[in-house]
Structure formats: structure tokens, C-alpha cells
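Peer 1: Just model-v4.csv, nothing more (CSV, C-alpha atoms):
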chain,number,residue,atom,x,y,z
A,1,MET,CA,77.1,55.9,168.4
A,2,SER,CA,75.9,52.3,168.3
A,3,GLY,CA,72.4,51.4,167.0
A,4,LEU,CA,71.3,50.3,170.5
A,5,GLN,CA,68.0,51.7,171.7
A,6,TRP,CA,68.8,54.3,174.4
A,7,ALA,CA,65.3,55.4,175.4
A,8,PRO,CA,63.3,53.2,177.8
A,9,LEU,CA,60.5,51.0,176.3
A,10,ARG,CA,57.3,52.9,177.0
A,11,CYS,CA,53.7,52.0,176.7
A,12,ASP,CA,51.2,54.8,177.3
A,13,ASN,CA,47.7,54.5,178.7
A,14,VAL,CA,48.5,51.4,180.7
A,15,CYS,CA,45.8,50.5,183.2
A,16,ALA,CA,45.8,48.0,186.0
A,17,ARG,CA,43.2,45.8,187.6
A,18,SER,CA,43.4,43.9,190.9
A,19,PHE,CA,42.6,40.2,190.9
A,20,ALA,CA,42.6,37.5,193.5
A,21,ASN,CA,46.4,36.7,193.5
A,22,GLY,CA,48.0,39.9,192.3
A,23,MET,CA,47.7,42.7,189.7
A,24,ALA,CA,47.0,42.6,186.0
A,25,TYR,CA,48.3,45.3,183.7
A,26,ALA,CA,47.3,46.0,180.1
A,27,GLN,CA,47.0,48.8,177.6
A,28,ASP,CA,43.2,49.0,177.9
A,29,VAL,CA,40.5,47.7,180.1
A,30,ALA,CA,38.9,45.6,177.4
A,31,SER,CA,42.1,43.5,177.0
A,32,ILE,CA,42.3,42.9,180.7
A,33,THR,CA,38.6,41.8,180.9
A,34,ARG,CA,39.1,39.5,177.9
A,35,VAL,CA,42.2,37.8,179.2
A,36,MET,CA,41.0,37.5,182.8
A,37,ASP,CA,38.0,35.6,181.6
A,38,ALA,CA,38.9,32.0,182.6
A,39,ARG,CA,37.1,30.7,179.5
A,40,ASP,CA,39.3,32.7,177.1
A,41,PRO,CA,42.4,30.8,175.9
A,42,SER,CA,45.8,32.5,175.8
A,43,VAL,CA,49.5,32.0,175.2
A,44,VAL,CA,51.3,32.4,178.6
A,45,VAL,CA,54.9,33.2,179.2
A,46,CYS,CA,56.4,32.8,182.7
A,47,GLY,CA,59.5,34.4,184.1
A,48,VAL,CA,61.0,37.2,186.1
A,49,PHE,CA,62.3,39.2,183.1
A,50,ASP,CA,64.5,41.5,185.0
A,51,GLY,CA,66.3,43.6,182.3
A,52,ILE,CA,64.2,42.2,179.5
A,53,HIS,CA,67.5,41.1,177.9
A,54,VAL,CA,68.1,39.5,174.5
A,55,GLY,CA,67.3,36.1,175.8
A,56,HIS,CA,64.0,37.2,177.2
A,57,ARG,CA,63.2,38.9,173.9
A,58,ARG,CA,63.7,35.8,171.9
A,59,LEU,CA,61.4,33.9,174.3
A,60,LEU,CA,58.8,36.6,174.1
A,61,ASP,CA,59.0,37.0,170.3
A,62,ASP,CA,58.3,33.3,169.9
A,63,ALA,CA,55.3,33.4,172.3
A,64,LEU,CA,53.9,36.5,170.6
A,65,ALA,CA,54.2,34.8,167.2
A,66,GLN,CA,52.2,31.8,168.4
A,67,ALA,CA,49.6,34.0,170.0
A,68,ARG,CA,49.1,36.1,166.8
A,69,ASP,CA,48.9,32.9,164.7
A,70,ALA,CA,46.2,31.5,167.0
A,71,GLN,CA,44.5,35.0,167.4
A,72,VAL,CA,44.6,34.8,171.2
A,73,PRO,CA,46.1,37.2,173.8
A,74,CYS,CA,49.7,36.8,174.9
A,75,VAL,CA,50.0,37.0,178.7
A,76,VAL,CA,53.2,37.3,180.8
A,77,VAL,CA,53.1,35.9,184.3
A,78,THR,CA,55.9,37.5,186.4
A,79,PHE,CA,56.8,38.1,190.1
A,80,ASP,CA,57.5,41.1,192.3
A,81,PRO,CA,59.9,41.4,194.0
A,82,ASP,CA,62.4,39.2,192.3
A,83,PRO,CA,62.4,35.8,194.0
A,84,SER,CA,66.1,36.0,194.5
A,85,GLU,CA,65.6,39.1,196.7
A,86,VAL,CA,63.1,37.3,198.9
A,87,LEU,CA,65.0,34.0,199.1
A,88,GLY,CA,68.5,35.6,199.4
A,89,ARG,CA,69.9,33.5,196.6
A,90,ASP,CA,71.7,36.3,194.9
A,91,GLU,CA,74.2,38.4,196.8
A,92,ASP,CA,73.7,41.2,194.3
A,93,ALA,CA,69.9,41.8,194.7
A,94,THR,CA,69.9,45.0,192.7
A,95,ARG,CA,67.3,45.5,190.0
A,96,LEU,CA,68.0,46.2,186.3
A,97,LEU,CA,64.4,47.3,186.0
A,98,SER,CA,61.7,48.4,188.5
A,99,CYS,CA,58.5,46.4,188.4
A,100,VAL,CA,56.8,49.4,186.6
A,101,ASP,CA,59.5,49.5,183.9
A,102,ARG,CA,59.3,45.7,183.4
A,103,VAL,CA,55.6,46.0,182.9
A,104,GLN,CA,56.0,49.0,180.5
A,105,GLY,CA,58.7,47.2,178.6
A,106,LEU,CA,56.8,43.9,178.2
A,107,LEU,CA,53.6,45.8,177.0
A,108,ALA,CA,55.7,47.8,174.6
A,109,MET,CA,57.0,44.6,173.1
A,110,GLY,CA,53.4,43.7,172.2
A,111,VAL,CA,52.3,41.6,175.1
A,112,ASP,CA,48.6,42.0,175.8
A,113,VAL,CA,48.5,41.6,179.6
A,114,VAL,CA,51.1,41.3,182.4
A,115,LEU,CA,50.1,39.4,185.5
A,116,VAL,CA,52.3,40.3,188.5
A,117,PHE,CA,52.2,37.9,191.5
A,118,GLY,CA,53.4,39.3,194.8
A,119,PHE,CA,56.3,37.0,195.7
A,120,THR,CA,56.5,36.3,199.5
A,121,HIS,CA,57.9,33.5,201.6
A,122,GLU,CA,54.3,32.1,201.7
A,123,PHE,CA,54.2,32.2,197.9
A,124,ALA,CA,57.6,30.5,197.8
A,125,ALA,CA,56.3,27.7,200.0
A,126,LEU,CA,53.7,26.6,197.6
A,127,GLU,CA,54.2,23.1,196.2
A,128,PRO,CA,54.6,23.2,192.4
A,129,GLN,CA,51.2,21.7,191.8
A,130,GLN,CA,49.7,24.4,194.0
A,131,PHE,CA,51.3,27.1,192.0
A,132,VAL,CA,50.0,25.7,188.8
A,133,HIS,CA,46.4,25.0,190.0
A,134,ASP,CA,45.9,27.8,192.6
A,135,ARG,CA,47.8,30.6,190.9
A,136,LEU,CA,48.4,30.0,187.3
A,137,LEU,CA,45.2,28.3,186.2
A,138,ALA,CA,43.1,30.4,188.6
A,139,SER,CA,44.1,33.4,186.6
A,140,VAL,CA,44.4,32.3,183.0
A,141,ASN,CA,43.4,29.6,180.7
A,142,PRO,CA,46.6,28.7,178.8
A,143,MET,CA,46.6,26.9,175.5
A,144,SER,CA,50.4,26.9,175.8
A,145,VAL,CA,53.0,28.0,178.4
A,146,PHE,CA,56.5,29.3,177.3
A,147,VAL,CA,59.3,29.1,179.8
A,148,GLY,CA,63.1,29.3,179.8
A,149,ALA,CA,65.1,26.1,180.4
A,150,ASN,CA,66.1,27.4,183.9
A,151,PHE,CA,62.5,28.3,185.0
A,152,ARG,CA,61.8,27.0,188.5
A,153,TYR,CA,58.7,27.3,190.7
A,154,GLY,CA,57.3,25.9,193.9
A,155,ARG,CA,58.8,25.0,197.2
A,156,GLY,CA,62.6,25.0,197.0
A,157,GLY,CA,62.5,25.4,193.2
A,158,SER,CA,61.3,21.8,193.0
A,159,GLY,CA,59.2,22.5,189.9
A,160,ASP,CA,60.8,22.6,186.5
A,161,ALA,CA,59.9,22.7,182.8
A,162,ALA,CA,59.7,18.8,182.7
A,163,LEU,CA,57.2,18.7,185.5
A,164,LEU,CA,55.2,21.6,184.0
A,165,GLU,CA,55.1,19.6,180.7
A,166,ARG,CA,53.7,16.5,182.4
A,167,MET,CA,51.1,18.6,184.2
A,168,GLY,CA,50.2,20.4,181.0
A,169,ALA,CA,49.6,17.0,179.2
A,170,ARG,CA,47.0,16.2,181.9
A,171,LEU,CA,45.5,19.6,182.2
A,172,GLY,CA,45.2,20.5,178.5
A,173,PHE,CA,48.0,22.9,177.7
A,174,SER,CA,51.4,22.5,175.9
A,175,VAL,CA,54.7,23.6,177.2
A,176,VAL,CA,57.4,25.2,175.1
A,177,THR,CA,60.8,25.2,176.8
A,178,HIS,CA,63.4,27.7,175.4
A,179,LYS,CA,67.1,27.0,175.4
A,180,LEU,CA,69.0,29.8,177.1
A,181,GLU,CA,70.4,32.4,174.8
A,182,ARG,CA,74.2,32.6,174.5
A,183,LEU,CA,76.5,35.4,173.5
A,184,ASP,CA,80.2,35.0,173.2
A,185,GLY,CA,79.8,31.4,174.3
A,186,LYS,CA,78.2,32.3,177.7
A,187,VAL,CA,74.5,32.2,178.8
A,188,VAL,CA,72.8,35.6,178.7
A,189,SER,CA,71.3,36.3,182.2
A,190,ALA,CA,70.4,39.2,184.4
A,191,THR,CA,73.1,38.1,186.8
A,192,ARG,CA,75.7,38.3,184.0
A,193,VAL,CA,74.5,41.8,183.1
A,194,ARG,CA,74.7,43.0,186.7
A,195,ARG,CA,78.3,41.6,187.0
A,196,LEU,CA,79.4,43.4,183.8
A,197,LEU,CA,77.9,46.7,184.9
A,198,ALA,CA,79.6,46.3,188.3
A,199,GLU,CA,82.9,45.9,186.5
A,200,GLY,CA,82.3,49.0,184.3
A,201,ARG,CA,82.0,46.9,181.1
A,202,LEU,CA,79.0,48.9,179.8
A,203,ASP,CA,79.3,48.0,176.1
A,204,GLU,CA,79.2,44.3,176.9
A,205,ALA,CA,76.2,44.7,179.3
A,206,ASN,CA,74.3,46.8,176.8
A,207,ALA,CA,74.9,44.1,174.1
A,208,LEU,CA,73.3,41.5,176.4
A,209,LEU,CA,70.4,43.8,177.1
A,210,GLY,CA,69.9,44.7,173.4
A,211,ARG,CA,69.6,48.4,174.6
A,212,CYS,CA,71.3,50.9,176.8
A,213,HIS,CA,71.1,50.3,180.5
A,214,TYR,CA,69.1,53.0,182.3
A,215,VAL,CA,68.2,53.9,185.8
A,216,ARG,CA,65.3,56.0,187.1
A,217,GLY,CA,65.3,58.6,189.9
A,218,VAL,CA,64.2,62.0,191.2
A,219,VAL,CA,66.3,65.1,190.7
A,220,GLU,CA,67.2,66.7,194.0
A,221,HIS,CA,69.5,69.6,195.1
A,222,GLY,CA,73.1,68.5,195.2
A,223,ARG,CA,76.5,70.0,196.2
A,224,GLY,CA,76.3,72.9,193.9
A,225,GLN,CA,79.8,72.7,192.5
A,226,GLY,CA,78.6,71.9,189.0
A,227,THR,CA,76.4,74.9,188.8
A,228,GLY,CA,79.3,77.0,190.1
A,229,PHE,CA,81.4,76.0,187.1
A,230,GLY,CA,78.6,77.0,184.8
A,231,PHE,CA,77.4,73.5,184.1
A,232,PRO,CA,73.7,72.7,184.4
A,233,THR,CA,73.6,69.6,186.6
A,234,ALA,CA,71.0,67.1,187.7
A,235,ASN,CA,71.6,65.2,190.9
A,236,VAL,CA,69.5,62.0,190.6
A,237,ALA,CA,68.4,60.1,193.7
A,238,CYS,CA,67.7,56.5,192.8
A,239,GLU,CA,66.2,53.7,194.9
A,240,THR,CA,68.8,51.8,196.9
A,241,ASN,CA,68.2,48.5,195.0
A,242,THR,CA,68.8,50.1,191.6
A,243,CYS,CA,71.5,48.4,189.6
A,244,MET,CA,74.1,51.2,189.1
A,245,PRO,CA,77.1,50.8,186.8
A,246,ALA,CA,80.6,51.0,188.3
A,247,GLU,CA,81.9,54.3,189.5
A,248,GLY,CA,83.1,56.5,186.7
A,249,VAL,CA,82.0,59.0,184.1
A,250,TYR,CA,79.6,58.0,181.3
A,251,ALA,CA,78.0,59.6,178.2
A,252,CYS,CA,74.3,59.5,178.7
A,253,TYR,CA,70.9,60.8,177.8
A,254,VAL,CA,68.8,62.3,180.6
A,255,ILE,CA,65.1,61.7,179.8
A,256,CYS,CA,62.2,63.5,181.3
A,257,GLN,CA,58.8,62.5,180.0
A,258,ASP,CA,59.1,62.9,176.2
A,259,ARG,CA,62.2,65.0,176.1
A,260,ALA,CA,65.9,64.0,176.4
A,261,TRP,CA,69.2,65.8,176.7
A,262,PRO,CA,72.8,64.5,176.1
A,263,ALA,CA,74.8,64.5,179.3
A,264,ALA,CA,78.0,63.5,180.9
A,265,ALA,CA,77.1,61.6,184.1
A,266,ASN,CA,79.3,60.8,187.1
A,267,VAL,CA,78.4,57.7,189.1
A,268,GLY,CA,79.9,57.6,192.6
A,269,ALA,CA,81.3,60.2,195.0
A,270,PRO,CA,83.8,62.5,193.2
A,271,PRO,CA,87.2,62.1,194.9
A,272,THR,CA,87.9,65.9,194.4
A,273,PHE,CA,85.1,66.8,196.8
A,274,GLY,CA,85.7,64.2,199.5
A,275,LYS,CA,84.0,61.0,200.4
A,276,HIS,CA,80.3,60.4,200.4
A,277,LYS,CA,78.4,57.7,202.3
A,278,SER,CA,76.6,56.3,199.3
A,279,LEU,CA,76.8,56.0,195.6
A,280,PHE,CA,75.1,58.9,193.7
A,281,LEU,CA,74.5,60.0,190.2
A,282,GLU,CA,75.2,63.5,188.9
A,283,ALA,CA,74.6,64.4,185.3
A,284,THR,CA,75.9,67.5,183.4
A,285,LEU,CA,73.3,68.3,180.7
A,286,VAL,CA,74.1,69.7,177.3
A,287,GLY,CA,71.7,72.3,175.9
A,288,PHE,CA,69.3,72.2,178.9
A,289,GLU,CA,67.5,75.3,180.3
A,290,GLY,CA,65.0,75.1,183.1
A,291,ASP,CA,64.3,73.4,186.4
A,292,LEU,CA,64.1,69.6,186.9
A,293,TYR,CA,64.1,69.6,190.7
A,294,GLY,CA,61.6,67.1,192.1
A,295,ARG,CA,60.9,65.6,188.7
A,296,GLU,CA,61.5,61.9,187.8
A,297,VAL,CA,64.1,61.3,185.1
A,298,CYS,CA,65.7,58.3,183.4
A,299,VAL,CA,69.5,58.3,182.8
A,300,SER,CA,70.4,56.1,179.9
A,301,PHE,CA,74.1,55.0,179.8
A,302,VAL,CA,75.4,55.1,176.2
A,303,ALA,CA,79.2,54.9,176.6
A,304,TRP,CA,82.0,54.8,179.2
A,305,LEU,CA,84.2,57.9,179.2
A,306,ARG,CA,86.7,57.6,182.0
A,307,ALA,CA,87.3,56.4,185.5
A,308,SER,CA,86.7,58.7,188.5
A,309,ARG,CA,89.9,60.3,189.9
A,310,SER,CA,91.0,63.2,192.1
A,311,PHE,CA,92.1,66.5,190.6
A,312,SER,CA,94.8,68.9,191.9
A,313,SER,CA,92.6,71.9,191.3
A,314,VAL,CA,89.2,73.1,190.3
A,315,GLU,CA,90.7,74.4,187.0
A,316,GLU,CA,92.0,70.9,186.1
A,317,LEU,CA,88.6,69.4,187.0
A,318,SER,CA,86.9,72.0,184.8
A,319,GLU,CA,89.2,71.3,181.9
A,320,VAL,CA,88.5,67.5,182.0
A,321,VAL,CA,84.7,68.0,182.5
A,322,LEU,CA,84.7,70.3,179.5
A,323,GLY,CA,86.5,67.6,177.5
A,324,ASN,CA,83.8,65.1,178.5
A,325,ILE,CA,81.1,67.5,177.5
A,326,ASP,CA,82.7,68.1,174.1
A,327,TRP,CA,82.7,64.3,173.5
A,328,VAL,CA,79.0,64.2,174.3
A,329,ARG,CA,78.3,67.1,172.0
A,330,ARG,CA,80.1,65.5,169.1
A,331,ASN,CA,78.7,62.0,169.6
A,332,LEU,CA,75.2,62.4,171.2
A,333,GLY,CA,74.1,65.9,170.0
A,334,GLU,CA,73.9,69.5,171.0
A,335,GLY,CA,70.7,69.7,172.9
A,336,GLU,CA,67.1,68.6,173.4
A,337,THR,CA,65.7,65.6,171.6
A,338,GLU,CA,62.1,64.3,171.4
A,339,VAL,CA,61.6,60.8,172.7
A,340,MET,CA,59.1,58.8,170.6
A,341,ALA,CA,56.7,56.5,172.4
Using the file provided, produce a representation of the structure as C-alpha cells.
Peer 2:
Amino acid sequence: MSGLQWAPLRCDNVCARSFANGMAYAQDVASITRVMDARDPSVVVCGVFDGIHVGHRRLLDDALAQARDAQVPCVVVTFDPDPSEVLGRDEDATRLLSCVDRVQGLLAMGVDVVLVFGFTHEFAALEPQQFVHDRLLASVNPMSVFVGANFRYGRGGSGDAALLERMGARLGFSVVTHKLERLDGKVVSATRVRRLLAEGRLDEANALLGRCHYVRGVVEHGRGQGTGFGFPTANVACETNTCMPAEGVYACYVICQDRAWPAAANVGAPPTFGKHKSLFLEATLVGFEGDLYGREVCVSFVAWLRASRSFSSVEELSEVVLGNIDWVRRNLGEGETEVMA
């Protein structure tokens, strides 16, 4: 198995506080109070950060380093929903991470506070200068602002890093513009990750993320065929805008709170049992005993095993599934694992 992180980044004891333009999240009330004081300088990072991929991490690491050197908080300013969802700029509007998972992941990286602005058509209509004065500077007092080279803000995306730098020179903050990270000669982006996942190229997508892609959902009652074969299964219902990988069978971990189980997971309607109206996720767990119905789980995709296909008999299906389970046992483990925070 690769050295990629397979468990979601988690930050316990996260608290939230409403403020005039959105919501602030931090690990403790004191840090929110400190950062939200307009007189308190901070290092600010702006972006959507869907996926928190390796490019995002490089940007965040540099901002965190400056904040620690200056002994000031590091604050991420982000948006929910993703502007591309509201503006219809991306045909594939699925999310690599929910807003909650983004906040958790950013805090787990060491960020002190995450400010989430609700992104609406009215918000999108703000002029760039309005965004800076009425939203950004109304919420934080940046000594510096870190952005990616493709960061856009304001009506029609008319604001860019160059404009922000000119405004910062007048308003008393510096701007650090990061070149976009490249891997295999191509820019690392959430759009590229989504495309790779849609094509079933899990290893490449995970390399861009710097971790295993995961989805979150609630375990519900399914068709029952897996249980009939003697396999403990979890049928996971995910939000419709979740970024699912291509149909097929994957080696995974199913994570519930601080416990995880190796699993073979099928994404998509299994051809053997007929067509289903929508994509679904069914995981066969190794070494699990108990009841997960109604509980939220994460399914972390570690490796591609095979494409979905029809089987001539239940016996043939059972043989192939047992082979998948054997691969999972040999490579991911025999049973329950503790997930460290």
C-alpha cells in the first residue's frame, strides 16, 4: 500500500461563531475572539480549497510559516458553496469535500481560523473593491494576503492578484501570489482531480490530492444480496453533489468515528442485479461485527480493483467478490483499525 494518508484530516473540538458576513470556525473560542478583533493583525489565505490538494497545501504551508514567524494567527477566507456551483462555470459541480470537511482539514493543517462566506449571486455581484473593503477588511486585519495565481474575486471575476496587490499597497497589507503547482507537467487543480476520478484513474487523483479521496454518507438498508452471501455490507447514501469515482470496485477503508475497517466497495449499480436509477456505494467490510445503520461513515478509496461487470451466476459473483476481499485482507488488513486524530 502507498504512503498516502487514507483517513480524513480531522480536528476535534471545533467551534463556530457567527459574524456579520458569514461563519468563523476555530479550535477554541479564544482563537476566534482573538482573530475576529479587527485590531489584531493576521496572515490571510484566500481560496475555495476544494479537495485541499497538494497545490493548496503548498500555499497554506507558506502562509503558516509566515504567520508563525510573525507570531500572528493564520486565517483562511473561503466560500460556500463553491462559486462555480452558483455561477454555473463548471459542468461538473460535484464537491471533493463538503464545507465541513474543508474546514476540518484546514484546521487540522494548523490554520487558526477559517472564515466561510456564503457565496450567492448577490455576493458575486460585488465589485472587487467592495469585496476587499466590505467583506475582507470588515472581518480581518491582514498584514499579508496569500492567493493562488488564478484567484479571482468581484463581479465577473474582474479582480485578480495584481489588483489586490495595488489595493494592499494603499491599505497597508502585502500580497503573496503563488504560482500554481504542477505535477507531470500539468497544473494541479480540483477540476483535474474530478476528471481523473470520473475516468477511474484513482492513483493519479490521489497523487494530486496528496491523500486518498474519500466520500461521506449515511449507512442505509440496501438490496440485501451481500448479506445473503455471508458478506457484511454497508450501503452508503451520499449527497447528490458528492464527487464519486467512476463505476467499479475499489479497495477502501470504511471509517466510523475513530474506527476503520478494510473493505471492497462497489460504486455504481451492479449489472448482475439490474439497473438502478442513480449511482450508489456498497462496501463489503472485512472483520466487522455490529450495526452501522443510520450512522455516518467515510469511505476512503485506496486502490482500483476491477471494472463493474455482469456475472452469469450468483456462484461466479461470489467467487469474484471473495477474490476482491482476499486482496483487501492481504493489502489493507484483517479487521478493525483505530483512526488517530
Peer 1: From the options A:Asp160, A:Asp62, A:Glu316, A:Asp184, which residue's atoms come nearest to A:Phe131, counting only C-alpha atoms?
Peer 2: A:Asp160
Peer 1: Which residue gives the smallest distance to A:Cys99 among A:Arg329, A:His221, A:Arg39, A:Arg216, with all atoms listed in the file counted?
Peer 2: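 Between A:Arg329, A:His221, A:Arg39, A:Arg216, the residue approaching A:Cys99 most closely is A:Arg216.
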Peer 1: Quick one: everything within 9 Å of A:Cys252, counting only C-alpha atoms, minus sequence neighbours fewer than 5 positions away in the same chain. Send it as a PyMOL selection string.
Peer 2: chain A and resi 6+261-265+283+299-303+328+332
Peer 1: Of the candidates A:Leu305, A:Gly105, A:Gly154, A:Thr120, which shows the shortest atom-to-atom distance to A:Ala7, using only C-alpha atoms?
Peer 2: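 Nearest candidate to A:Ala7 out of A:Leu305, A:Gly105, A:Gly154, A:Thr120: A:Gly105.
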Peer 1: Go through A:Val314, A:Leu96, A:Ala307, A:Ala149 and flag the residue nearest A:Asn241, using all atoms listed in the file for the distances.
Peer 2: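 Of A:Val314, A:Leu96, A:Ala307, A:Ala149, the one nearest A:Asn241, counting all atoms listed in the file, is A:Leu96.
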Peer 1: Contacts of A:Pro83 at 12 Å or less, counting all atoms listed in the file, minus same-chain residues fewer than 5 places along, as a list in words?
Peer 2: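 Answer for this query is Gly47, Val48, Phe49, Asp50, Thr78, Gly88, Arg89, Asp90, Ala93, Thr94, Arg95, Phe117, Gly118, Phe119, Thr120, His121, Glu122, Phe123, Ala124, Ala125, Phe151, Arg152, Tyr153, Gly154, Arg155, Gly156 and Gly157 of chain A.
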Peer 1: From the set A:His53, A:Arg195, A:Arg295, A:Leu60, which residue has the shortest atom-to-atom contact distance to A:Gly210, counting only C-alpha atoms?
Peer 2: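 Under the stated criterion, the closest residue is A:His53.
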Peer 1: Mind listing as a list in words all residues within 12 Å of (65.2, 55.8, 198.3), counting all atoms listed in the file?
Peer 2: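 Nearby residues: Arg216, Gly217, Val218, Glu220, Val236, Ala237, Cys238, Glu239, Thr240, Asn241, Thr242, Ser278, Leu279 and Phe280 of chain A.
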Peer 1: Would you work out the distance separating atom CA of A:Gly3 from atom CA of A:Ala260, expressed in Å to one decimal?
Peer 2: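 We find that atom CA of A:Gly3 and atom CA of A:Ala260 lie 17.0 Å from each other.
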Peer 1: Select, counting all atoms listed in the file, all protein, DNA and RNA residues no farther than 10 Å from (55.3, 26.1, 175.5) in file coordinates, and express the selection as a list in words.
Peer 2: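 Result, sorted by chain then residue number: Val43, Val44, Val45, Cys46, Leu59, Asp62, Ala63, Gln66, Pro142, Met143, Ser144, Val145, Phe146, Val147, Gly148, Ala161, Leu164, Glu165, Gly168, Phe173, Ser174, Val175, Val176, Thr177 and His178 of chain A.
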Peer 1: Between atom CA of A:Asp291 and atom CA of A:Gly335, what is the distance in Å, rounded to a tenth?
Peer 2: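 Atom CA of A:Gly335 lies at a distance of 15.4 Å from atom CA of A:Asp291.
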Peer 1: Have a look at A:Gly172, A:Gly323, A:Gly55, A:Gly159 and name the one nearest to A:Glu127; count only C-alpha atoms.
Peer 2: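 Checking each of A:Gly172, A:Gly323, A:Gly55, A:Gly159 against A:Glu127, counting only C-alpha atoms, the winner is A:Gly159.
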Peer 1: Please measure the separation of atom CA of A:Tyr250 and atom CA of A:Asn266, giving the value in Å to one decimal.
Peer 2: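 Those two atoms sit 6.4 Å apart.
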